[in-house]
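This is start.txt (compact mmCIF, C-alpha atoms).
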# COMPACT_ATOMS: atom_id res chain seq x y z
CA MET A 1 72.49 23.86 65.41
CA LEU A 2 72.21 20.22 66.48
CA GLU A 3 75.95 19.96 67.11
CA ALA A 4 75.78 23.10 69.25
CA GLU A 5 72.86 21.72 71.30
CA VAL A 6 74.77 18.49 71.94
CA ASP A 7 77.92 20.41 72.87
CA ALA A 8 75.91 22.59 75.25
CA GLY A 9 74.57 19.50 77.01
CA ASN A 10 70.96 20.21 76.11
CA ILE A 11 70.51 16.87 74.36
CA PRO A 12 72.75 13.79 74.53
CA GLY A 13 72.43 13.03 70.84
CA ALA A 14 70.13 12.95 67.83
CA VAL A 15 69.60 11.60 64.35
CA ALA A 16 68.19 14.09 61.84
CA LEU A 17 66.80 13.35 58.40
CA VAL A 18 65.49 15.78 55.79
CA ALA A 19 64.02 14.69 52.46
CA LYS A 20 63.05 16.93 49.54
CA ASP A 21 61.13 15.82 46.47
CA GLY A 22 61.45 12.19 47.46
CA LYS A 23 65.22 12.24 48.01
CA ILE A 24 67.20 12.36 51.25
CA VAL A 25 69.19 15.61 51.38
CA LEU A 26 70.40 15.35 54.99
CA HIS A 27 70.82 12.29 57.19
CA GLU A 28 73.26 12.71 60.05
CA ALA A 29 73.88 11.46 63.56
CA PHE A 30 75.05 13.65 66.45
CA GLY A 31 76.28 12.99 69.97
CA MET A 32 75.98 9.76 71.92
CA ALA A 33 73.49 6.90 72.00
CA ASP A 34 74.46 5.61 75.44
CA ASN A 35 75.85 7.53 78.41
CA ALA A 36 77.39 4.50 80.14
CA THR A 37 79.57 3.39 77.24
CA GLY A 38 79.80 6.69 75.39
CA ALA A 39 78.71 4.90 72.22
CA SER A 40 78.18 7.33 69.36
CA MET A 41 74.81 7.89 67.75
CA LYS A 42 74.61 6.35 64.27
CA LYS A 43 72.28 6.98 61.35
CA ASN A 44 70.74 3.51 61.78
CA THR A 45 70.26 3.79 65.55
CA ILE A 46 66.84 2.46 66.58
CA PHE A 47 64.55 4.67 68.70
CA ARG A 48 61.43 4.03 70.71
CA ILE A 49 58.95 6.08 68.67
CA ALA A 50 56.06 5.84 71.17
CA SER A 51 53.14 7.95 69.89
CA GLN A 52 54.58 8.02 66.38
CA THR A 53 53.11 4.49 66.37
CA LYS A 54 49.64 6.05 66.22
CA ALA A 55 49.80 7.16 62.58
CA ILE A 56 50.92 3.67 61.55
CA THR A 57 48.00 2.11 63.44
CA SER A 58 45.61 4.60 61.83
CA THR A 59 47.01 3.65 58.42
CA ALA A 60 46.30 -0.02 59.09
CA VAL A 61 42.74 0.86 60.11
CA MET A 62 42.20 2.86 56.92
CA MET A 63 43.64 0.09 54.74
CA LEU A 64 40.97 -2.23 56.14
CA TRP A 65 38.38 0.52 55.68
CA GLU A 66 39.31 0.64 52.00
CA GLU A 67 38.39 -3.05 51.81
CA GLY A 68 34.83 -2.20 52.91
CA LYS A 69 35.18 -3.99 56.24
CA PHE A 70 33.42 -1.23 58.22
CA ARG A 71 32.31 2.40 58.18
CA LEU A 72 34.08 5.09 60.21
CA ASP A 73 30.90 5.98 62.08
CA ASP A 74 30.15 2.39 63.07
CA PRO A 75 30.06 1.92 66.84
CA ILE A 76 33.16 0.09 68.04
CA SER A 77 30.84 -2.16 70.08
CA LYS A 78 29.74 -3.77 66.80
CA TYR A 79 33.21 -5.34 66.68
CA ILE A 80 34.30 -5.29 70.34
CA PRO A 81 31.06 -5.92 72.29
CA ALA A 82 32.57 -4.91 75.65
CA PHE A 83 32.16 -1.27 74.57
CA GLU A 84 28.35 -1.46 74.50
CA ASN A 85 26.47 1.09 76.62
CA PRO A 86 29.36 3.42 77.56
CA GLN A 87 29.17 5.46 80.76
CA VAL A 88 30.53 8.92 81.60
CA LEU A 89 32.20 9.56 84.97
CA SER A 90 29.94 11.52 87.34
CA THR A 91 31.31 11.39 90.90
CA PHE A 92 34.54 10.01 92.35
CA ASN A 93 35.70 9.13 95.88
CA TYR A 94 39.47 9.62 96.26
CA ALA A 95 39.51 7.61 99.50
CA ASP A 96 38.59 4.29 97.92
CA THR A 97 38.44 5.07 94.14
CA THR A 98 34.75 4.23 93.94
CA TYR A 99 32.76 6.25 91.43
CA THR A 100 29.38 6.75 89.84
CA ALA A 101 28.70 7.18 86.15
CA VAL A 102 25.80 8.09 83.90
CA PRO A 103 24.93 6.67 80.48
CA ALA A 104 26.73 8.37 77.58
CA THR A 105 24.57 10.15 75.04
CA SER A 106 26.03 8.11 72.16
CA GLU A 107 28.18 5.10 71.35
CA ILE A 108 31.93 5.39 70.69
CA THR A 109 32.63 5.17 66.96
CA ILE A 110 35.76 4.20 65.06
CA ARG A 111 36.09 7.84 63.97
CA HIS A 112 36.02 8.94 67.62
CA LEU A 113 38.86 6.52 68.41
CA LEU A 114 40.98 7.75 65.48
CA THR A 115 40.51 11.40 66.46
CA HIS A 116 40.85 11.19 70.28
CA THR A 117 37.27 12.35 70.72
CA SER A 118 35.97 9.09 72.22
CA GLY A 119 36.12 10.20 75.86
CA LEU A 120 38.53 7.38 76.75
CA GLY A 121 41.35 8.23 79.15
CA TYR A 122 45.09 7.56 79.04
CA GLY A 123 45.69 5.95 82.41
CA VAL A 124 49.06 6.71 83.93
CA ILE A 125 49.66 9.77 81.70
CA ASP A 126 46.07 11.02 81.85
CA ARG A 127 45.38 14.69 82.57
CA ASP A 128 42.83 13.68 85.21
CA GLN A 129 44.02 12.07 88.47
CA ARG A 130 40.69 10.28 88.83
CA MET A 131 41.18 8.47 85.54
CA LYS A 132 44.74 7.53 86.49
CA MET A 133 43.43 5.88 89.64
CA ILE A 134 40.51 4.14 87.92
CA TYR A 135 42.69 2.72 85.14
CA GLN A 136 45.38 1.58 87.55
CA LYS A 137 42.87 -0.20 89.77
CA ALA A 138 41.35 -1.95 86.74
CA GLY A 139 44.78 -3.19 85.60
CA VAL A 140 44.78 -1.47 82.22
CA THR A 141 48.15 -1.46 80.44
CA ASP A 142 48.61 2.06 79.13
CA LEU A 143 51.80 2.32 77.11
CA PHE A 144 54.48 -0.36 77.09
CA THR A 145 55.12 -3.45 79.13
CA THR A 146 57.41 -6.43 79.55
CA LYS A 147 54.57 -8.38 81.19
CA SER A 148 52.72 -11.31 79.65
CA ILE A 149 49.52 -9.60 78.54
CA THR A 150 47.79 -9.10 75.19
CA ILE A 151 46.17 -5.98 73.79
CA GLY A 152 42.84 -7.80 73.69
CA GLU A 153 42.98 -8.46 77.44
CA SER A 154 43.82 -4.84 78.23
CA VAL A 155 41.26 -3.34 75.82
CA ASN A 156 38.44 -5.45 77.21
CA LYS A 157 39.27 -4.15 80.72
CA LEU A 158 39.37 -0.60 79.39
CA ALA A 159 35.98 -0.97 77.70
CA LYS A 160 34.22 -1.33 81.05
CA LEU A 161 35.59 1.93 82.51
CA PRO A 162 33.90 5.36 82.51
CA LEU A 163 34.61 8.06 79.94
CA HIS A 164 35.85 11.62 80.46
CA PHE A 165 32.96 13.02 78.40
CA ASN A 166 30.30 12.04 75.88
CA PRO A 167 31.84 10.75 72.63
CA GLY A 168 32.47 13.49 70.09
CA GLU A 169 32.20 16.42 72.53
CA GLN A 170 35.90 17.13 73.16
CA TYR A 171 39.43 16.25 72.07
CA SER A 172 41.43 14.40 74.74
CA TYR A 173 44.54 12.32 74.05
CA SER A 174 43.62 8.73 74.77
CA GLU A 175 44.12 5.02 74.36
CA GLY A 176 41.90 5.07 71.30
CA LEU A 177 44.69 3.81 69.05
CA ASP A 178 45.38 0.91 71.42
CA VAL A 179 41.74 -0.05 71.06
CA LEU A 180 42.15 0.17 67.29
CA GLY A 181 45.23 -2.05 67.35
CA TYR A 182 43.01 -4.76 68.81
CA PHE A 183 40.28 -3.80 66.33
CA VAL A 184 42.73 -4.53 63.49
CA GLU A 185 43.22 -8.00 64.96
CA VAL A 186 39.46 -8.57 65.12
CA ILE A 187 38.82 -7.37 61.56
CA SER A 188 41.87 -8.91 59.87
CA GLY A 189 42.08 -12.15 61.83
CA GLN A 190 45.83 -11.59 62.27
CA PRO A 191 47.92 -10.63 65.31
CA PHE A 192 48.50 -6.88 65.12
CA ASP A 193 52.28 -7.15 64.76
CA GLU A 194 51.91 -9.61 61.89
CA TYR A 195 49.35 -7.42 60.12
CA LEU A 196 51.66 -4.38 60.24
CA LYS A 197 54.66 -6.37 59.06
CA GLU A 198 52.82 -8.02 56.14
CA HIS A 199 50.80 -5.01 54.96
CA ILE A 200 52.97 -1.97 55.79
CA PHE A 201 56.54 -2.69 56.91
CA ASP A 202 57.52 -5.37 54.39
CA PRO A 203 55.92 -3.63 51.37
CA LEU A 204 57.66 -0.34 52.27
CA GLU A 205 60.91 -2.14 53.22
CA MET A 206 60.75 -0.69 56.74
CA ASP A 207 63.00 -3.45 58.02
CA ASP A 208 63.96 -1.70 61.27
CA THR A 209 60.42 -1.06 62.57
CA TRP A 210 59.24 -3.52 65.22
CA PHE A 211 57.30 -3.79 68.46
CA TYR A 212 60.04 -6.06 69.83
CA LEU A 213 63.45 -6.10 68.23
CA PRO A 214 65.03 -9.25 66.80
CA GLU A 215 68.23 -10.17 68.61
CA SER A 216 70.24 -9.14 65.56
CA LYS A 217 68.99 -5.54 65.89
CA ALA A 218 68.78 -5.15 69.70
CA ASP A 219 72.29 -3.69 70.04
CA ARG A 220 71.23 -0.73 67.86
CA LEU A 221 68.56 0.39 70.35
CA VAL A 222 69.38 3.78 71.88
CA THR A 223 69.38 4.27 75.66
CA VAL A 224 66.68 6.46 77.21
CA GLN A 225 68.61 9.20 79.04
CA GLN A 226 67.78 11.80 81.66
CA LYS A 227 69.66 14.78 83.10
CA VAL A 228 70.71 14.30 86.74
CA GLU A 229 72.84 16.97 88.42
CA GLY A 230 74.11 18.12 85.03
CA GLU A 231 75.03 14.64 83.82
CA TRP A 232 73.35 12.29 81.36
CA ARG A 233 72.26 9.04 83.01
CA GLN A 234 70.15 6.06 82.01
CA PHE A 235 66.46 6.59 82.73
CA PRO A 236 65.41 4.10 85.43
CA VAL A 237 62.56 1.60 85.53
CA THR A 238 59.42 3.47 86.66
CA PHE A 239 55.89 2.36 85.73
CA TYR A 240 57.51 0.79 82.66
CA ASP A 241 60.87 -0.79 81.86
CA PRO A 242 62.72 1.31 79.23
CA ASP A 243 64.19 -1.89 77.80
CA TYR A 244 60.73 -3.19 76.78
CA PRO A 245 61.65 -3.39 73.05
CA LYS A 246 64.19 -6.13 73.76
CA LYS A 247 63.11 -7.99 76.91
CA GLY A 248 60.14 -9.50 78.68
CA ALA A 249 57.16 -11.46 77.37
CA LYS A 250 56.95 -9.50 74.08
CA THR A 251 53.20 -10.12 73.72
CA PHE A 252 51.73 -6.59 74.04
CA PHE A 253 51.44 -4.71 70.73
CA SER A 254 50.51 -1.16 71.71
CA GLY A 255 48.85 0.60 68.77
CA GLY A 256 49.31 3.91 70.53
CA ALA A 257 52.91 3.72 71.68
CA GLY A 258 54.69 0.40 71.17
CA LEU A 259 56.88 0.59 68.06
CA SER A 260 60.59 1.25 67.67
CA SER A 261 62.08 2.49 64.39
CA THR A 262 64.82 4.49 62.66
CA ALA A 263 64.73 7.97 61.16
CA LYS A 264 64.98 6.50 57.65
CA ASP A 265 62.17 3.98 58.18
CA TYR A 266 59.84 6.64 59.51
CA ALA A 267 60.70 9.02 56.67
CA THR A 268 59.84 6.19 54.27
CA PHE A 269 56.40 5.90 55.87
CA LEU A 270 55.87 9.67 55.58
CA GLN A 271 57.01 9.70 51.94
CA MET A 272 54.26 7.21 51.15
CA TYR A 273 51.79 9.82 52.41
CA LEU A 274 53.41 12.67 50.48
CA ASN A 275 53.09 10.50 47.37
CA GLY A 276 49.35 10.11 47.92
CA GLY A 277 49.50 6.60 49.40
CA GLU A 278 52.16 5.00 47.17
CA LEU A 279 55.92 4.45 47.25
CA ASN A 280 58.22 2.74 44.76
CA GLY A 281 55.34 1.08 42.94
CA VAL A 282 53.69 -0.14 46.15
CA ARG A 283 50.30 1.41 46.93
CA LEU A 284 49.02 1.18 50.51
CA LEU A 285 46.22 3.75 50.28
CA SER A 286 44.27 5.54 47.57
CA ARG A 287 44.98 9.25 47.23
CA THR A 288 41.27 9.77 47.94
CA THR A 289 41.72 8.05 51.32
CA VAL A 290 44.83 10.12 52.06
CA ARG A 291 42.77 13.26 51.47
CA SER A 292 40.25 12.07 54.06
CA ILE A 293 43.02 11.18 56.53
CA LEU A 294 44.48 14.67 56.19
CA GLY A 295 41.08 16.39 56.28
CA ASN A 296 39.69 18.31 59.26
CA GLN A 297 37.96 15.74 61.46
CA THR A 298 37.81 17.72 64.72
CA GLY A 299 36.70 21.24 63.82
CA GLU A 300 38.16 23.59 66.42
CA LEU A 301 38.43 20.97 69.17
CA PHE A 302 42.19 20.57 68.54
CA GLY A 303 44.97 23.12 68.15
CA GLY A 304 43.00 26.34 67.82
CA GLU A 305 43.20 28.15 64.48
CA ASN A 306 46.74 27.01 63.56
CA GLN A 307 46.11 23.25 63.44
CA TYR A 308 43.35 20.66 63.29
CA TYR A 309 43.41 16.90 63.77
CA GLY A 310 42.68 14.50 60.92
CA LEU A 311 42.46 10.71 61.16
CA ALA A 312 46.17 10.19 61.87
CA PHE A 313 48.01 13.50 62.28
CA GLY A 314 47.87 17.08 63.41
CA VAL A 315 47.56 19.26 60.28
CA VAL A 316 48.60 22.89 59.71
CA THR A 317 45.88 25.32 58.57
CA ALA A 318 46.26 28.39 56.34
CA GLU A 319 46.39 30.45 59.54
CA GLY A 320 49.16 28.18 60.84
CA GLU A 321 51.20 28.67 57.67
CA ALA A 322 50.86 32.43 58.01
CA HIS A 323 51.78 32.21 61.70
CA GLY A 324 55.18 30.87 60.60
CA GLY A 325 57.67 28.21 61.56
CA ILE A 326 55.48 25.12 61.27
CA GLY A 327 55.24 24.59 57.51
CA SER A 328 52.81 25.13 54.68
CA GLU A 329 49.07 24.62 54.90
CA GLY A 330 48.52 20.86 54.94
CA THR A 331 51.79 20.01 56.71
CA PHE A 332 51.16 17.03 58.98
CA ASP A 333 53.05 16.08 62.12
CA TRP A 334 53.25 14.39 65.50
CA GLY A 335 55.84 13.32 68.06
CA GLY A 336 56.64 10.71 70.69
CA TYR A 337 56.91 10.35 74.46
CA PHE A 338 60.70 9.83 74.34
CA ASN A 339 61.37 13.14 72.54
CA THR A 340 61.00 12.36 68.83
CA GLN A 341 59.41 14.66 66.26
CA TYR A 342 58.43 14.64 62.60
CA PHE A 343 56.65 16.71 59.98
CA ALA A 344 55.86 16.37 56.27
CA ASP A 345 54.98 19.33 54.04
CA PRO A 346 52.98 18.32 50.91
CA LYS A 347 53.26 21.77 49.31
CA GLU A 348 57.06 21.89 49.50
CA GLN A 349 57.50 18.09 49.36
CA VAL A 350 59.71 18.20 52.45
CA ILE A 351 60.01 15.68 55.28
CA GLY A 352 61.79 16.33 58.57
CA VAL A 353 62.45 13.60 61.16
CA LEU A 354 64.31 14.34 64.39
CA MET A 355 64.99 11.39 66.69
CA LYS A 356 66.21 11.83 70.26
CA GLN A 357 65.67 9.66 73.33
CA THR A 358 65.20 11.45 76.63
CA GLN A 359 62.75 11.57 79.52
CA GLY A 360 62.35 14.15 82.24
CA PRO A 361 62.99 17.90 82.19
CA ILE A 362 65.72 19.18 79.86
CA ASP A 363 66.41 22.42 78.00
CA ASP A 364 65.71 21.09 74.51
CA LYS A 365 64.80 23.63 71.83
CA THR A 366 65.75 21.41 68.88
CA GLY A 367 62.19 20.38 68.00
CA TRP A 368 60.98 23.85 67.03
CA LYS A 369 64.39 25.00 65.76
CA PHE A 370 64.77 22.02 63.42
CA ARG A 371 61.33 22.51 61.89
CA GLN A 372 61.68 26.26 61.56
CA MET A 373 65.17 26.06 60.07
CA VAL A 374 64.30 23.31 57.57
CA GLY A 375 61.46 25.45 56.25
CA ALA A 376 63.74 28.48 56.06
CA ALA A 377 66.37 26.48 54.12
CA ILE A 378 64.08 25.77 51.14
CA ASP A 379 65.69 27.38 48.07
CA ASP A 380 64.65 26.06 44.67
Here is the file; what I need is its structure written in the form of structure tokens.
Amino acid sequence: MLEAEVDAGNIPGAVALVAKDGKIVLHEAFGMADNATGASMKKNTIFRIASQTKAITSTAVMMLWEEGKFRLDDPISKYIPAFENPQVLSTFNYADTTYTAVPATSEITIRHLLTHTSGLGYGVIDRDQRMKMIYQKAGVTDLFTTKSITIGESVNKLAKLPLHFNPGEQYSYSEGLDVLGYFVEVISGQPFDEYLKEHIFDPLEMDDTWFYLPESKADRLVTVQQKVEGEWRQFPVTFYDPDYPKKGAKTFFSGGAGLSSTAKDYATFLQMYLNGGELNGVRLLSRTTVRSILGNQTGELFGGENQYYGLAFGVVTAEGEAHGGIGSEGTFDWGGYFNTQYFADPKEQVIGVLMKQTQGPIDDKTGWKFRQMVGAAIDD
């Protein structure tokens, strides 16, 4: 299927990995990694995983939670004071971007930030044009950057801005995990990149997962490609530089979108979850904590009857399993801005990771086909 989609020009290339019962049963590369040189995709090609960063950030938060450093329903302002007395957007003037706001009915909690129910916006990719304009004017860094700025600087700007809604009232994809990346720095006393490396990446031997790639690995970074007049071309610099993992100041560690990784590294991370928080004798989380992370934290605010949102992932319900094509009840998943997808099915002990690297409109059906076909291939 993946070869046919590459041959049809629907995707430039992909790396697919499937694991069953803790063992890799498929790990293959298809198509090209770079349109200019025609370089072939390889199994160890490094991809910008964007929002797949979020589950790793959530894991770091919950590791610190296990140490008794805080409670999930603590207000974030207890640790980042700039978030005190949040306001909800009331009126907005498009002519000059001035606005009015009213006091929120409650404080933003750590749980709200983990579950995208805080009311925070997402700046340049926000669903609301008003929030895009407010965040841009305030100089908030939303996703990735080559500029010399820290997550602390950006989060403290963000903290002063109005919310979409009162905390806990709705689900809206947000910069909550960027706030929590800074929160990890505050609680642990370590730079966020160092905390992840010491406590997650090194213990799990995820040697190819970085915010900014070492020079020795930079040539393995895939090119972000787009379809222009039927041809694959390099995606240009827009509000971000696609080469951010290997150039610029390298000081902004986005907890919501900043990491790059390989299919094998990310599958390793997911296997730790399927194992109840442990891998190869290394325990990152208790199985009791994993149960909370995969529990329903958002009621019916997210995904309707087929899925709910936990503390790190979207999770399939019994209704979702019956609906078909997305895995067993309890299957957890997410994806990334540059067209990457993953899922892990605890009932069948199956992991699927599909890495691509495109932006802009394309006719890509591989995400749903891969997941559906992996489930249909189970025969044991």
Non-local contacts of segment 345-353 of chain A (6 Å; only C-alpha atoms; under 2 positions in same chain excluded) as a PyMOL selection string | chain A and resi 16-21+274+331+342-343
Based on the selection just made, write C-alpha atoms of those residues as an mmCIF file, in the coordinates of the input.
data_model
loop_
_atom_site.group_PDB
_atom_site.id
_atom_site.type_symbol
_atom_site.label_atom_id
_atom_site.label_comp_id
_atom_site.auth_asym_id
_atom_site.auth_seq_id
_atom_site.Cartn_x
_atom_site.Cartn_y
_atom_site.Cartn_z
ATOM 1 C CA ALA A 16 68.190 14.090 61.840
ATOM 2 C CA LEU A 17 66.800 13.350 58.400
ATOM 3 C CA VAL A 18 65.490 15.780 55.790
ATOM 4 C CA ALA A 19 64.020 14.690 52.460
ATOM 5 C CA LYS A 20 63.050 16.930 49.540
ATOM 6 C CA ASP A 21 61.130 15.820 46.470
ATOM 7 C CA LEU A 274 53.410 12.670 50.480
ATOM 8 C CA THR A 331 51.790 20.010 56.710
ATOM 9 C CA TYR A 342 58.430 14.640 62.600
ATOM 10 C CA PHE A 343 56.650 16.710 59.980
#
Counting all atoms listed in the file, the residue of A:Lys42, A:His164, A:Lys78, A:Lys132 that sits nearest Ala104 of chain A |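 Under the stated criterion, the closest residue is A:His164.
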Residues within 9 Å of Ser261 of chain A, all atoms listed in the file, excluding chain neighbours under 2 positions, as a list in words |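 Contacts, in chain order: Thr45, Ile46, Phe47, Arg48, Ile49, Met206, Asp207, Asp208, Thr209, Trp210, Phe211, Leu259, Ala263, Lys264, Asp265 and Tyr266 of chain A.
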Give me the residues within 10 Å of Asn35 of chain A as a ChimeraX atom specification, counting all atoms listed in the file and dropping any in the same chain fewer than 2 places off.
-> /A:12-13,32-33,37-40,222-226,231-234
A:Ala101, A:Leu72, A:Ala55, A:Ala257 ranked by distance to Asp142 of chain A, top pick (using only C-alpha atoms) | A:Ala257
Which residue of A:Pro203, A:Gly189, A:Gly248, A:Gly277 approaches Thr289 of chain A most closely, using only C-alpha atoms =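 Result for the nearest residue to Thr289 of chain A: A:Gly277.
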Measure the distance from atom CA of Phe332 of chain A to atom CA of Val316 of chain A in Å and round it to one decimal.
-> 6.4 Å
Can you tell me how far atom CA of Thr288 of chain A sits from atom CA of Gly310 of chain A, in Å to one decimal?
-> 13.9 Å
How close does segment 85-135 of chain A get to segment 301-304 of chain A? List, as JSON lines, each residue of segment 85-135 of chain A within 12 Å, its nearest atom pair and the distance in Å to one decimal, counting all atoms listed in the file.
{"residue": "A:Thr115", "atom": "CA", "partner": "A:Phe302", "partner_atom": "CA", "distance": 9.6}
{"residue": "A:His116", "atom": "CA", "partner": "A:Phe302", "partner_atom": "CA", "distance": 9.6}
{"residue": "A:Thr117", "atom": "CA", "partner": "A:Leu301", "partner_atom": "CA", "distance": 8.8}
Between A:Glu198, A:Glu305, A:Glu175, A:Asp363, single out the one closest to His323 of chain A, counting all atoms listed in the file.
->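 Closest candidate: A:Glu305.
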Separation of atom CA of Tyr173 of chain A from atom CA of Ile293 of chain A, in Å and rounded to one decimal = 17.6 Å
With distances taken over all atoms listed in the file, which of A:Tyr122, A:Pro167, A:Glu66, A:Phe239 is nearest to Pro103 of chain A?
->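 Among the listed residues, the smallest separation from Pro103 of chain A belongs to A:Pro167.
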Do you know which residues are at most 12 Å from Trp65 of chain A counting only C-alpha atoms, after dropping those on the same chain fewer than 4 positions away, and could you put them as a list in words?
-> Ser58, Thr59, Ala60, Val61, Lys69, Phe70, Arg71, Leu72, Asp73, Asp74, Ile110, Arg111, Phe183, Val184, Ile187, Ser188, Leu284, Leu285, Ser286, Thr289, Ser292 and Ile293 of chain A
For Tyr309 of chain A, which of A:Leu270, A:Gly119, A:Leu114, A:Tyr337 is the closest residue, counting all atoms listed in the file?
->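 Closest to Tyr309 of chain A of all the choices is A:Leu114.
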Write segment 118-125 of chain A as a PDB file, in the coordinates of the input, completed to all heavy atoms.
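Final output, saved to selection.pdb:
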ATOM      1  N   SER A 118      36.821  10.174  71.708  1.00  0.00           N
ATOM      2  CA  SER A 118      35.970   9.090  72.220  1.00  0.00           C
ATOM      3  C   SER A 118      35.556   9.295  73.670  1.00  0.00           C
ATOM      4  O   SER A 118      34.571   8.722  74.122  1.00  0.00           O
ATOM      5  CB  SER A 118      36.716   7.753  72.120  1.00  0.00           C
ATOM      6  OG  SER A 118      37.855   7.766  72.969  1.00  0.00           O
ATOM      7  N   GLY A 119      36.350  10.076  74.421  1.00  0.00           N
ATOM      8  CA  GLY A 119      36.120  10.200  75.860  1.00  0.00           C
ATOM      9  C   GLY A 119      36.950   9.235  76.686  1.00  0.00           C
ATOM     10  O   GLY A 119      36.989   9.329  77.911  1.00  0.00           O
ATOM     11  N   LEU A 120      37.636   8.291  76.028  1.00  0.00           N
ATOM     12  CA  LEU A 120      38.530   7.380  76.750  1.00  0.00           C
ATOM     13  C   LEU A 120      39.656   8.171  77.410  1.00  0.00           C
ATOM     14  O   LEU A 120      40.051   9.238  76.940  1.00  0.00           O
ATOM     15  CB  LEU A 120      39.131   6.351  75.806  1.00  0.00           C
ATOM     16  CG  LEU A 120      38.200   5.290  75.222  1.00  0.00           C
ATOM     17  CD1 LEU A 120      38.960   4.438  74.222  1.00  0.00           C
ATOM     18  CD2 LEU A 120      37.619   4.417  76.327  1.00  0.00           C
ATOM     19  N   GLY A 121      40.216   7.611  78.478  1.00  0.00           N
ATOM     20  CA  GLY A 121      41.350   8.230  79.150  1.00  0.00           C
ATOM     21  C   GLY A 121      42.666   7.642  78.681  1.00  0.00           C
ATOM     22  O   GLY A 121      42.728   6.850  77.741  1.00  0.00           O
ATOM     23  N   TYR A 122      43.759   8.058  79.374  1.00  0.00           N
ATOM     24  CA  TYR A 122      45.090   7.560  79.040  1.00  0.00           C
ATOM     25  C   TYR A 122      45.833   7.098  80.294  1.00  0.00           C
ATOM     26  O   TYR A 122      47.062   7.205  80.379  1.00  0.00           O
ATOM     27  CB  TYR A 122      45.902   8.604  78.282  1.00  0.00           C
ATOM     28  CG  TYR A 122      46.728   8.010  77.154  1.00  0.00           C
ATOM     29  CD1 TYR A 122      46.933   8.704  75.971  1.00  0.00           C
ATOM     30  CD2 TYR A 122      47.307   6.747  77.272  1.00  0.00           C
ATOM     31  CE1 TYR A 122      47.682   8.161  74.930  1.00  0.00           C
ATOM     32  CE2 TYR A 122      48.050   6.196  76.251  1.00  0.00           C
ATOM     33  CZ  TYR A 122      48.233   6.907  75.085  1.00  0.00           C
ATOM     34  OH  TYR A 122      48.979   6.352  74.068  1.00  0.00           O
ATOM     35  N   GLY A 123      45.076   6.607  81.275  1.00  0.00           N
ATOM     36  CA  GLY A 123      45.690   5.950  82.410  1.00  0.00           C
ATOM     37  C   GLY A 123      46.781   6.736  83.091  1.00  0.00           C
ATOM     38  O   GLY A 123      46.588   7.865  83.527  1.00  0.00           O
ATOM     39  N   VAL A 124      47.962   6.168  83.139  1.00  0.00           N
ATOM     40  CA  VAL A 124      49.060   6.710  83.930  1.00  0.00           C
ATOM     41  C   VAL A 124      49.534   8.076  83.442  1.00  0.00           C
ATOM     42  O   VAL A 124      50.140   8.831  84.205  1.00  0.00           O
ATOM     43  CB  VAL A 124      50.227   5.697  83.977  1.00  0.00           C
ATOM     44  CG1 VAL A 124      50.972   5.653  82.647  1.00  0.00           C
ATOM     45  CG2 VAL A 124      51.168   5.991  85.126  1.00  0.00           C
ATOM     46  N   ILE A 125      49.282   8.432  82.181  1.00  0.00           N
ATOM     47  CA  ILE A 125      49.660   9.770  81.700  1.00  0.00           C
ATOM     48  C   ILE A 125      48.421  10.642  81.477  1.00  0.00           C
ATOM     49  O   ILE A 125      48.497  11.679  80.814  1.00  0.00           O
ATOM     50  CB  ILE A 125      50.510   9.696  80.415  1.00  0.00           C
ATOM     51  CG1 ILE A 125      49.731   9.052  79.262  1.00  0.00           C
ATOM     52  CG2 ILE A 125      51.818   8.979  80.664  1.00  0.00           C
ATOM     53  CD1 ILE A 125      50.413   9.205  77.905  1.00  0.00           C
TER      54      ILE A 125
END
